[in-house]
>>> print(open('protein-v3.csv').read())   # CSV, N, CA and C atoms
chain,number,residue,atom,x,y,z
Q,236,MET,N,116.2,92.5,64.9
Q,236,MET,CA,116.0,93.9,65.2
Q,236,MET,C,115.0,94.0,66.4
Q,237,ASN,N,114.0,93.2,66.5
Q,237,ASN,CA,113.1,93.3,67.6
Q,237,ASN,C,113.7,93.0,68.9
Q,238,ALA,N,114.7,92.1,69.0
Q,238,ALA,CA,115.4,91.8,70.2
Q,238,ALA,C,116.2,93.0,70.7
Q,239,ILE,N,116.8,93.7,69.8
Q,239,ILE,CA,117.6,94.8,70.1
Q,239,ILE,C,116.7,96.0,70.6
Q,240,GLU,N,115.6,96.2,69.8
Q,240,GLU,CA,114.7,97.3,70.1
Q,240,GLU,C,113.9,97.1,71.4
Q,241,SER,N,113.7,95.9,71.8
Q,241,SER,CA,112.9,95.6,73.0
Q,241,SER,C,113.7,95.2,74.3
Q,242,ALA,N,115.1,95.3,74.2
Q,242,ALA,CA,115.9,94.8,75.3
Q,242,ALA,C,115.8,95.8,76.5
Q,243,ASP,N,115.9,95.2,77.7
Q,243,ASP,CA,115.9,96.0,78.9
Q,243,ASP,C,117.3,96.7,79.0
Q,244,LEU,N,118.3,96.1,78.6
Q,244,LEU,CA,119.7,96.6,78.6
Q,244,LEU,C,120.5,96.0,77.5
Q,245,LEU,N,121.3,96.8,76.8
Q,245,LEU,CA,122.1,96.3,75.7
Q,245,LEU,C,123.6,96.2,76.2
Q,246,VAL,N,124.2,95.1,75.8
Q,246,VAL,CA,125.7,95.1,75.9
Q,246,VAL,C,126.2,95.1,74.5
Q,247,VAL,N,126.7,96.2,74.1
Q,247,VAL,CA,127.1,96.4,72.7
Q,247,VAL,C,128.6,96.4,72.6
Q,248,ALA,N,129.1,95.5,71.8
Q,248,ALA,CA,130.6,95.4,71.6
Q,248,ALA,C,130.9,95.4,70.1
Q,249,ALA,N,132.0,96.0,69.8
Q,249,ALA,CA,132.4,96.1,68.4
Q,249,ALA,C,133.9,95.9,68.2
Q,250,PRO,N,134.4,95.3,67.2
Q,250,PRO,CA,135.8,95.3,66.9
Q,250,PRO,C,136.2,96.7,66.4
Q,251,VAL,N,137.5,97.0,66.6
Q,251,VAL,CA,138.0,98.3,66.1
Q,251,VAL,C,139.1,98.1,65.1
Q,252,TYR,N,139.0,98.8,64.0
Q,252,TYR,CA,140.1,98.8,63.0
Q,252,TYR,C,140.3,100.2,62.5
Q,253,ARG,N,141.5,100.7,62.6
Q,253,ARG,CA,141.9,102.0,62.2
Q,253,ARG,C,141.0,103.1,62.9
Q,254,GLY,N,140.8,102.9,64.2
Q,254,GLY,CA,140.1,103.9,65.0
Q,254,GLY,C,138.6,104.0,64.9
Q,255,ALA,N,138.0,103.0,64.3
Q,255,ALA,CA,136.5,103.1,64.2
Q,255,ALA,C,135.9,101.7,64.2
Q,256,TYR,N,134.6,101.6,64.4
Q,256,TYR,CA,133.9,100.4,64.3
Q,256,TYR,C,133.6,100.1,62.8
Q,257,PRO,N,133.4,98.8,62.5
Q,257,PRO,CA,133.1,98.4,61.1
Q,257,PRO,C,131.8,98.9,60.5
Q,258,GLY,N,131.7,99.0,59.2
Q,258,GLY,CA,130.5,99.5,58.6
Q,258,GLY,C,129.3,98.5,58.8
Q,259,GLN,N,129.6,97.2,58.9
Q,259,GLN,CA,128.5,96.3,59.2
Q,259,GLN,C,127.8,96.6,60.6
Q,260,PHE,N,128.6,97.0,61.5
Q,260,PHE,CA,128.1,97.3,62.9
Q,260,PHE,C,127.2,98.5,62.7
Q,261,LYS,N,127.7,99.6,62.0
Q,261,LYS,CA,126.9,100.8,61.8
Q,261,LYS,C,125.6,100.5,61.1
Q,262,HIS,N,125.7,99.6,60.1
Q,262,HIS,CA,124.5,99.3,59.2
Q,262,HIS,C,123.5,98.6,60.1
Q,263,LEU,N,123.9,97.8,61.0
Q,263,LEU,CA,122.9,97.1,61.9
Q,263,LEU,C,122.1,98.2,62.7
Q,264,PHE,N,122.8,99.2,63.2
Q,264,PHE,CA,122.1,100.2,64.0
Q,264,PHE,C,121.4,101.2,63.1
Q,265,ASP,N,121.7,101.3,61.8
Q,265,ASP,CA,121.0,102.1,60.8
Q,265,ASP,C,119.6,101.6,60.7
Q,266,LEU,N,119.4,100.3,60.9
Q,266,LEU,CA,118.1,99.6,60.7
Q,266,LEU,C,117.2,99.7,62.0
Q,267,ILE,N,117.8,100.2,63.1
Q,267,ILE,CA,117.0,100.3,64.3
Q,267,ILE,C,116.2,101.6,64.3
Q,268,GLY,N,115.0,101.5,64.8
Q,268,GLY,CA,114.1,102.7,64.8
Q,268,GLY,C,114.7,103.8,65.7
Q,269,GLN,N,114.5,105.0,65.2
Q,269,GLN,CA,115.2,106.2,65.8
Q,269,GLN,C,114.8,106.3,67.3
Q,270,ASP,N,113.5,106.0,67.6
Q,270,ASP,CA,113.0,106.1,69.0
Q,270,ASP,C,113.0,104.8,69.8
Q,271,ALA,N,113.5,103.8,69.2
Q,271,ALA,CA,113.4,102.4,69.8
Q,271,ALA,C,114.3,102.2,71.0
Q,272,LEU,N,115.3,103.0,71.2
Q,272,LEU,CA,116.3,102.8,72.3
Q,272,LEU,C,116.3,103.9,73.3
Q,273,ILE,N,115.3,104.8,73.2
Q,273,ILE,CA,115.2,105.9,74.2
Q,273,ILE,C,115.2,105.4,75.6
Q,274,ASP,N,116.1,105.9,76.4
Q,274,ASP,CA,116.3,105.5,77.8
Q,274,ASP,C,116.8,104.1,78.1
Q,275,THR,N,117.1,103.4,77.0
Q,275,THR,CA,117.7,102.0,77.2
Q,275,THR,C,119.1,102.1,77.7
Q,276,PRO,N,119.4,101.4,78.8
Q,276,PRO,CA,120.8,101.4,79.3
Q,276,PRO,C,121.7,100.6,78.3
Q,277,VAL,N,122.9,101.1,78.0
Q,277,VAL,CA,123.8,100.4,77.1
Q,277,VAL,C,125.2,100.4,77.7
Q,278,LEU,N,125.7,99.2,77.8
Q,278,LEU,CA,127.1,98.9,78.3
Q,278,LEU,C,127.9,98.8,77.0
Q,279,LEU,N,128.9,99.7,76.8
Q,279,LEU,CA,129.7,99.7,75.6
Q,279,LEU,C,131.0,99.0,75.8
Q,280,ALA,N,131.4,98.2,74.8
Q,280,ALA,CA,132.6,97.5,74.8
Q,280,ALA,C,133.2,97.5,73.4
Q,281,ALA,N,134.5,97.3,73.3
Q,281,ALA,CA,135.2,97.2,72.1
Q,281,ALA,C,136.5,96.4,72.2
Q,282,THR,N,136.9,95.8,71.1
Q,282,THR,CA,138.2,95.1,71.0
Q,282,THR,C,139.0,95.7,69.9
Q,283,GLY,N,140.3,95.7,70.1
Q,283,GLY,CA,141.2,96.1,69.1
Q,283,GLY,C,142.6,95.5,69.2
Q,284,GLY,N,143.4,95.7,68.2
Q,284,GLY,CA,144.7,95.1,68.2
Q,284,GLY,C,145.7,95.7,69.2
Q,285,SER,N,145.4,96.9,69.6
Q,285,SER,CA,146.3,97.5,70.6
Q,285,SER,C,145.5,98.5,71.5
Q,286,ASP,N,146.1,99.0,72.5
Q,286,ASP,CA,145.4,99.9,73.4
Q,286,ASP,C,145.2,101.3,72.8
Q,287,ARG,N,145.9,101.6,71.7
Q,287,ARG,CA,145.7,102.9,71.1
Q,287,ARG,C,144.3,103.1,70.5
Q,288,HIS,N,143.5,102.1,70.4
Q,288,HIS,CA,142.1,102.2,70.0
Q,288,HIS,C,141.1,102.3,71.1
Q,289,ALA,N,141.5,102.4,72.3
Q,289,ALA,CA,140.6,102.4,73.5
Q,289,ALA,C,139.6,103.5,73.5
Q,290,LEU,N,140.0,104.6,72.9
Q,290,LEU,CA,139.1,105.8,73.0
Q,290,LEU,C,137.9,105.6,72.0
Q,291,VAL,N,137.8,104.6,71.2
Q,291,VAL,CA,136.7,104.4,70.3
Q,291,VAL,C,135.4,104.3,71.1
Q,292,ILE,N,135.4,103.8,72.3
Q,292,ILE,CA,134.2,103.8,73.1
Q,292,ILE,C,133.6,105.2,73.3
Q,293,ASP,N,134.5,106.1,73.7
Q,293,ASP,CA,134.0,107.5,74.0
Q,293,ASP,C,133.9,108.3,72.7
Q,294,HIS,N,134.6,108.1,71.7
Q,294,HIS,CA,134.6,109.0,70.5
Q,294,HIS,C,133.8,108.4,69.4
Q,295,GLN,N,133.5,107.2,69.4
Q,295,GLN,CA,132.7,106.6,68.3
Q,295,GLN,C,131.4,106.0,68.8
Q,296,LEU,N,131.5,105.1,69.8
Q,296,LEU,CA,130.3,104.3,70.2
Q,296,LEU,C,129.3,105.2,71.0
Q,297,ARG,N,129.8,106.0,72.0
Q,297,ARG,CA,129.0,106.8,72.8
Q,297,ARG,C,128.1,107.8,72.0
Q,298,PRO,N,128.7,108.5,71.0
Q,298,PRO,CA,127.9,109.4,70.2
Q,298,PRO,C,126.8,108.7,69.4
Q,299,LEU,N,127.1,107.5,69.0
Q,299,LEU,CA,126.1,106.7,68.2
Q,299,LEU,C,124.9,106.5,69.1
Q,300,PHE,N,125.1,106.1,70.3
Q,300,PHE,CA,123.9,105.8,71.2
Q,300,PHE,C,123.3,107.0,71.8
Q,301,SER,N,124.1,108.1,71.8
Q,301,SER,CA,123.5,109.4,72.1
Q,301,SER,C,122.4,109.8,71.1
Q,302,PHE,N,122.7,109.5,69.9
Q,302,PHE,CA,121.6,109.8,68.8
Q,302,PHE,C,120.3,109.1,69.1
Q,303,PHE,N,120.4,107.9,69.7
Q,303,PHE,CA,119.2,107.1,70.0
Q,303,PHE,C,118.6,107.5,71.4
Q,304,GLN,N,119.3,108.4,72.0
Q,304,GLN,CA,118.9,108.9,73.4
Q,304,GLN,C,118.9,107.7,74.4
Q,305,SER,N,119.8,106.9,74.2
Q,305,SER,CA,120.1,105.8,75.1
Q,305,SER,C,120.9,106.3,76.3
Q,306,VAL,N,120.9,105.5,77.4
Q,306,VAL,CA,121.6,105.8,78.6
Q,306,VAL,C,122.9,105.0,78.6
Q,307,THR,N,124.0,105.5,78.1
Q,307,THR,CA,125.2,104.7,78.1
Q,307,THR,C,125.9,104.8,79.5
Q,308,LEU,N,126.3,103.6,80.0
Q,308,LEU,CA,127.0,103.5,81.3
Q,308,LEU,C,128.3,104.3,81.2
Q,309,PRO,N,128.7,105.0,82.2
Q,309,PRO,CA,129.9,105.7,82.2
Q,309,PRO,C,131.1,104.8,82.0
Q,310,LEU,N,131.0,103.6,82.4
Q,310,LEU,CA,132.2,102.7,82.3
Q,310,LEU,C,132.0,101.8,81.1
Q,311,GLY,N,133.0,101.8,80.2
Q,311,GLY,CA,133.0,100.9,79.1
Q,311,GLY,C,134.1,99.9,79.3
Q,312,VAL,N,134.1,98.8,78.5
Q,312,VAL,CA,135.1,97.8,78.6
Q,312,VAL,C,135.9,97.7,77.2
Q,313,TYR,N,137.2,97.9,77.3
Q,313,TYR,CA,138.0,97.8,76.1
Q,313,TYR,C,139.0,96.7,76.3
Q,314,ALA,N,139.2,95.9,75.3
Q,314,ALA,CA,140.1,94.8,75.4
Q,314,ALA,C,141.0,94.8,74.1
Q,315,SER,N,142.3,94.6,74.3
Q,315,SER,CA,143.2,94.5,73.2
Q,315,SER,C,143.7,93.1,73.0
Q,316,GLU,N,144.4,92.9,72.0
Q,316,GLU,CA,145.0,91.5,71.7
Q,316,GLU,C,145.8,91.0,72.9
Q,317,ALA,N,146.4,91.8,73.6
Q,317,ALA,CA,147.2,91.4,74.8
Q,317,ALA,C,146.4,90.8,75.9
Q,318,ASP,N,145.1,91.0,75.9
Q,318,ASP,CA,144.2,90.5,76.9
Q,318,ASP,C,143.7,89.1,76.7
Q,319,PHE,N,144.1,88.5,75.5
Q,319,PHE,CA,143.6,87.2,75.2
Q,319,PHE,C,144.8,86.2,74.9
Q,320,THR,N,144.6,84.9,75.2
Q,320,THR,CA,145.5,83.9,74.8
Q,320,THR,C,144.6,82.8,74.2
Q,321,ASN,N,144.9,82.4,73.0
Q,321,ASN,CA,144.1,81.4,72.3
Q,321,ASN,C,142.7,81.7,72.3
Q,322,TYR,N,142.3,83.0,72.0
Q,322,TYR,CA,141.0,83.5,72.0
Q,322,TYR,C,140.2,83.4,73.3
Q,323,GLN,N,140.9,83.2,74.4
Q,323,GLN,CA,140.3,83.2,75.7
Q,323,GLN,C,140.8,84.4,76.5
Q,324,ILE,N,140.0,84.9,77.4
Q,324,ILE,CA,140.4,86.0,78.2
Q,324,ILE,C,141.5,85.5,79.2
Q,325,SER,N,142.7,86.1,79.1
Q,325,SER,CA,143.7,85.7,80.0
Q,325,SER,C,144.2,86.8,80.9
Q,326,SER,N,143.7,88.0,80.7
Q,326,SER,CA,144.1,89.2,81.5
Q,326,SER,C,143.2,89.3,82.8
Q,327,GLU,N,143.8,89.3,83.9
Q,327,GLU,CA,143.0,89.5,85.2
Q,327,GLU,C,142.4,90.9,85.2
Q,328,ALA,N,143.2,91.9,84.7
Q,328,ALA,CA,142.7,93.2,84.6
Q,328,ALA,C,141.4,93.3,83.8
Q,329,LEU,N,141.4,92.6,82.7
Q,329,LEU,CA,140.2,92.6,81.8
Q,329,LEU,C,139.0,92.0,82.6
Q,330,LYS,N,139.3,90.9,83.2
Q,330,LYS,CA,138.2,90.2,84.0
Q,330,LYS,C,137.7,91.1,85.1
Q,331,THR,N,138.5,91.9,85.7
Q,331,THR,CA,138.1,92.8,86.7
Q,331,THR,C,137.2,93.9,86.1
Q,332,ARG,N,137.6,94.4,84.9
Q,332,ARG,CA,136.8,95.5,84.3
Q,332,ARG,C,135.5,95.0,83.9
Q,333,ILE,N,135.4,93.7,83.4
Q,333,ILE,CA,134.1,93.1,83.0
Q,333,ILE,C,133.2,93.0,84.2
Q,334,ARG,N,133.8,92.4,85.3
Q,334,ARG,CA,133.0,92.2,86.5
Q,334,ARG,C,132.5,93.6,87.0
Q,335,LEU,N,133.3,94.6,87.0
Q,335,LEU,CA,132.9,95.9,87.5
Q,335,LEU,C,131.8,96.5,86.6
Q,336,ALA,N,131.9,96.3,85.3
Q,336,ALA,CA,130.9,96.8,84.4
Q,336,ALA,C,129.6,96.1,84.6
Q,337,VAL,N,129.6,94.8,84.8
Q,337,VAL,CA,128.4,94.0,85.1
Q,337,VAL,C,127.7,94.5,86.4
Q,338,GLU,N,128.5,94.7,87.4
Q,338,GLU,CA,128.0,95.1,88.7
Q,338,GLU,C,127.3,96.5,88.6
Q,339,ARG,N,127.9,97.4,87.8
Q,339,ARG,CA,127.3,98.7,87.6
Q,339,ARG,C,126.1,98.7,86.7
Q,340,ALA,N,126.0,97.7,85.8
Q,340,ALA,CA,124.8,97.6,84.9
Q,340,ALA,C,123.7,96.9,85.6
Q,341,ALA,N,123.9,96.0,86.5
Q,341,ALA,CA,122.9,95.2,87.1
Q,341,ALA,C,121.7,96.0,87.7
Q,342,PRO,N,122.0,97.1,88.4
Q,342,PRO,CA,120.9,97.8,89.0
Q,342,PRO,C,119.9,98.5,88.0
Q,343,LEU,N,120.4,98.6,86.8
Q,343,LEU,CA,119.6,99.2,85.7
Q,343,LEU,C,118.5,98.4,85.2
Q,344,PHE,N,118.5,97.1,85.5
Q,344,PHE,CA,117.4,96.2,85.1
Q,344,PHE,C,116.2,96.6,85.8
Q,345,THR,N,115.1,96.5,85.1
Q,345,THR,CA,113.8,96.8,85.8
Q,345,THR,C,113.3,95.6,86.5
Q,346,ALA,N,112.3,95.8,87.3
Q,346,ALA,CA,111.7,94.6,88.1
Q,346,ALA,C,111.2,93.6,87.1
Q,347,ASN,N,110.8,94.0,85.9
Q,347,ASN,CA,110.2,93.0,85.0
Q,347,ASN,C,111.3,92.3,84.2
Q,348,ALA,N,112.5,92.6,84.4
Q,348,ALA,CA,113.6,92.0,83.6
Q,348,ALA,C,113.8,90.6,84.0
Q,349,ALA,N,113.3,90.2,85.2
Q,349,ALA,CA,113.6,88.8,85.7
Q,349,ALA,C,113.0,87.8,84.8
Q,350,ASP,N,112.0,88.1,84.0
Q,350,ASP,CA,111.5,87.1,83.1
Q,350,ASP,C,112.3,86.8,81.9
Q,351,LEU,N,113.4,87.6,81.7
Q,351,LEU,CA,114.3,87.5,80.6
Q,351,LEU,C,113.7,87.6,79.3
Q,352,ARG,N,112.5,88.2,79.2
Q,352,ARG,CA,111.8,88.3,77.9
Q,352,ARG,C,112.6,89.2,76.9
Q,353,LYS,N,113.5,90.0,77.4
Q,353,LYS,CA,114.2,90.9,76.5
Q,353,LYS,C,115.7,90.7,76.6
Q,354,THR,N,116.2,89.9,75.7
Q,354,THR,CA,117.6,89.7,75.7
Q,354,THR,C,118.1,89.9,74.2
Q,355,ALA,N,119.2,90.6,74.1
Q,355,ALA,CA,119.7,90.8,72.7
Q,355,ALA,C,121.2,90.7,72.7
>>> encode(input="protein-v3.csv", output="structure tokens")
Amino acid sequence: MNAIESADLLVVAAPVYRGAYPGQFKHLFDLIGQDALIDTPVLLAATGGSDRHALVIDHQLRPLFSFFQSVTLPLGVYASEADFTNYQISSEALKTRIRLAVERAAPLFTANAADLRKTA
């Protein structure tokens, strides 16, 4: 919990089943202090069996972190089963989305983040 609450930036990813993240994921964030993530940048990501679950980032994850008053990056990363081969990323489009998301998240690190004291 401390690692999450003290992170300079969170990369939060969840599996999707039937259009929502799992209860265990929600339970983890139920244990996080209500004010612990204020202004913390959050890169949202999700995986699901098909592309029809892609909106979970905007309809499920983004509102959750809005409650915490976090700063969610406008760009999220969604990956479906088709993006993987033998549990490895095989989609060039997914690799491009990940790279772009990282590039957009990088400037949000503070000058003190170089010491890597806050990783979650």
>>> closest_residue(input="protein-v3.csv", among="Q:Ile239, Q:Val306, Q:Leu335, Q:Ile324", to="Ala271 in chain Q", atoms="only N, CA and C atoms")
Q:Ile239
>>> residues_near_point(input="protein-v3.csv", point="(131.7, 91.4, 82.8)", cutoff="12 Å", atoms="only C-alpha atoms", output="CSV table (one decimal) with N, CA and C atoms, in the frame of the given file")
chain,number,residue,atom,x,y,z
Q,246,VAL,N,124.2,95.1,75.8
Q,246,VAL,CA,125.7,95.1,75.9
Q,246,VAL,C,126.2,95.1,74.5
Q,248,ALA,N,129.1,95.5,71.8
Q,248,ALA,CA,130.6,95.4,71.6
Q,248,ALA,C,130.9,95.4,70.1
Q,278,LEU,N,125.7,99.2,77.8
Q,278,LEU,CA,127.1,98.9,78.3
Q,278,LEU,C,127.9,98.8,77.0
Q,279,LEU,N,128.9,99.7,76.8
Q,279,LEU,CA,129.7,99.7,75.6
Q,279,LEU,C,131.0,99.0,75.8
Q,280,ALA,N,131.4,98.2,74.8
Q,280,ALA,CA,132.6,97.5,74.8
Q,280,ALA,C,133.2,97.5,73.4
Q,310,LEU,N,131.0,103.6,82.4
Q,310,LEU,CA,132.2,102.7,82.3
Q,310,LEU,C,132.0,101.8,81.1
Q,311,GLY,N,133.0,101.8,80.2
Q,311,GLY,CA,133.0,100.9,79.1
Q,311,GLY,C,134.1,99.9,79.3
Q,312,VAL,N,134.1,98.8,78.5
Q,312,VAL,CA,135.1,97.8,78.6
Q,312,VAL,C,135.9,97.7,77.2
Q,313,TYR,N,137.2,97.9,77.3
Q,313,TYR,CA,138.0,97.8,76.1
Q,313,TYR,C,139.0,96.7,76.3
Q,314,ALA,N,139.2,95.9,75.3
Q,314,ALA,CA,140.1,94.8,75.4
Q,314,ALA,C,141.0,94.8,74.1
Q,324,ILE,N,140.0,84.9,77.4
Q,324,ILE,CA,140.4,86.0,78.2
Q,324,ILE,C,141.5,85.5,79.2
Q,327,GLU,N,143.8,89.3,83.9
Q,327,GLU,CA,143.0,89.5,85.2
Q,327,GLU,C,142.4,90.9,85.2
Q,328,ALA,N,143.2,91.9,84.7
Q,328,ALA,CA,142.7,93.2,84.6
Q,328,ALA,C,141.4,93.3,83.8
Q,329,LEU,N,141.4,92.6,82.7
Q,329,LEU,CA,140.2,92.6,81.8
Q,329,LEU,C,139.0,92.0,82.6
Q,330,LYS,N,139.3,90.9,83.2
Q,330,LYS,CA,138.2,90.2,84.0
Q,330,LYS,C,137.7,91.1,85.1
Q,331,THR,N,138.5,91.9,85.7
Q,331,THR,CA,138.1,92.8,86.7
Q,331,THR,C,137.2,93.9,86.1
Q,332,ARG,N,137.6,94.4,84.9
Q,332,ARG,CA,136.8,95.5,84.3
Q,332,ARG,C,135.5,95.0,83.9
Q,333,ILE,N,135.4,93.7,83.4
Q,333,ILE,CA,134.1,93.1,83.0
Q,333,ILE,C,133.2,93.0,84.2
Q,334,ARG,N,133.8,92.4,85.3
Q,334,ARG,CA,133.0,92.2,86.5
Q,334,ARG,C,132.5,93.6,87.0
Q,335,LEU,N,133.3,94.6,87.0
Q,335,LEU,CA,132.9,95.9,87.5
Q,335,LEU,C,131.8,96.5,86.6
Q,336,ALA,N,131.9,96.3,85.3
Q,336,ALA,CA,130.9,96.8,84.4
Q,336,ALA,C,129.6,96.1,84.6
Q,337,VAL,N,129.6,94.8,84.8
Q,337,VAL,CA,128.4,94.0,85.1
Q,337,VAL,C,127.7,94.5,86.4
Q,338,GLU,N,128.5,94.7,87.4
Q,338,GLU,CA,128.0,95.1,88.7
Q,338,GLU,C,127.3,96.5,88.6
Q,339,ARG,N,127.9,97.4,87.8
Q,339,ARG,CA,127.3,98.7,87.6
Q,339,ARG,C,126.1,98.7,86.7
Q,340,ALA,N,126.0,97.7,85.8
Q,340,ALA,CA,124.8,97.6,84.9
Q,340,ALA,C,123.7,96.9,85.6
Q,341,ALA,N,123.9,96.0,86.5
Q,341,ALA,CA,122.9,95.2,87.1
Q,341,ALA,C,121.7,96.0,87.7
>>> select_by_dssp(input="protein-v3.csv", residues="range 242-350 of chain Q", states="strand (DSSP E or B)", output="list of chain:residue names")
Q:Leu245, Q:Val246, Q:Val247, Q:Ala248, Q:Ala249, Q:Pro250, Q:Tyr252, Q:Ala255, Q:Pro276, Q:Val277, Q:Leu278, Q:Leu279, Q:Ala280, Q:Ala281, Q:Thr282, Q:Gly283, Q:Val306, Q:Thr307, Q:Val312, Q:Tyr313, Q:Ala314, Q:Ser315, Q:Phe319, Q:Thr320, Q:Gln323, Q:Ile324
>>> residues_around(input="protein-v3.csv", residues="range 260-263 of chain Q", least_positions_apart="6", cutoff="12 Å", atoms="only C-alpha atoms", output="list of chain:residue names")
Q:Met236, Q:Asn237, Q:Ile239, Q:Glu240, Q:Val247, Q:Ala248, Q:Ala249, Q:Pro250, Q:Val251, Q:Ala281, Q:Gln295, Q:Leu296, Q:Leu299, Q:Phe300
>>> atom_distance(input="protein-v3.csv", atom1="CA of Leu272 in chain Q", atom2="CA of Ala238 in chain Q")
11.2 Å
>>> closest_residue(input="protein-v3.csv", among="Q:Gln259, Q:Gln269, Q:Gln304, Q:Ser315", to="Gly284 in chain Q", atoms="all atoms listed in the file")
Q:Ser315
>>> closest_residue(input="protein-v3.csv", among="Q:Leu308, Q:Val277, Q:Ile267, Q:Ala255", to="Leu290 in chain Q", atoms="only C-alpha atoms")
Q:Ala255
>>> decode(input="protein-v3.csv", residues="range 267-316 of chain Q", atoms="C-alpha atoms", output="compact mmCIF listing (two decimals), in the first residue's frame")
# COMPACT_ATOMS: atom_id res chain seq x y z
CA ILE Q 267 -5.77 3.11 -0.38
CA GLY Q 268 -6.20 6.33 1.59
CA GLN Q 269 -8.78 8.66 0.09
CA ASP Q 270 -6.32 11.56 -0.15
CA ALA Q 271 -3.20 9.50 -0.88
CA LEU Q 272 -3.29 9.86 -4.67
CA ILE Q 273 -4.26 13.51 -5.04
CA ASP Q 274 -2.50 14.93 -8.13
CA THR Q 275 -0.65 11.65 -8.74
CA PRO Q 276 -0.30 11.03 -12.48
CA VAL Q 277 -1.85 7.71 -13.54
CA LEU Q 278 -1.36 5.88 -16.82
CA LEU Q 279 -4.35 3.57 -17.31
CA ALA Q 280 -4.17 0.23 -19.10
CA ALA Q 281 -6.36 -2.83 -19.49
CA THR Q 282 -6.42 -6.19 -21.20
CA GLY Q 283 -9.41 -8.15 -22.41
CA GLY Q 284 -10.41 -11.00 -24.65
CA SER Q 285 -11.61 -8.72 -27.44
CA ASP Q 286 -11.67 -5.08 -28.48
CA ARG Q 287 -15.26 -4.68 -27.33
CA HIS Q 288 -13.96 -4.11 -23.78
CA ALA Q 289 -11.65 -1.21 -24.74
CA LEU Q 290 -13.94 1.44 -23.24
CA VAL Q 291 -13.32 0.06 -19.74
CA ILE Q 292 -10.45 2.53 -19.46
CA ASP Q 293 -12.77 5.53 -19.85
CA HIS Q 294 -15.93 4.12 -18.29
CA GLN Q 295 -14.53 2.16 -15.33
CA LEU Q 296 -10.89 3.01 -14.54
CA ARG Q 297 -10.90 6.77 -15.14
CA PRO Q 298 -13.86 7.41 -12.76
CA LEU Q 299 -12.18 5.32 -10.05
CA PHE Q 300 -9.07 7.51 -10.13
CA SER Q 301 -11.18 10.64 -10.41
CA PHE Q 302 -12.48 9.75 -6.94
CA PHE Q 303 -8.88 9.86 -5.69
CA GLN Q 304 -8.37 13.22 -7.47
CA SER Q 305 -5.53 11.68 -9.46
CA VAL Q 306 -4.41 13.07 -12.79
CA THR Q 307 -5.16 10.39 -15.37
CA LEU Q 308 -3.27 10.67 -18.63
CA PRO Q 309 -5.61 11.26 -21.58
CA LEU Q 310 -4.04 8.32 -23.40
CA GLY Q 311 -4.71 4.82 -22.07
CA VAL Q 312 -3.42 1.51 -23.38
CA TYR Q 313 -5.81 -1.34 -24.13
CA ALA Q 314 -4.67 -4.73 -25.37
CA SER Q 315 -6.78 -7.66 -26.49
CA GLU Q 316 -5.97 -11.32 -26.92
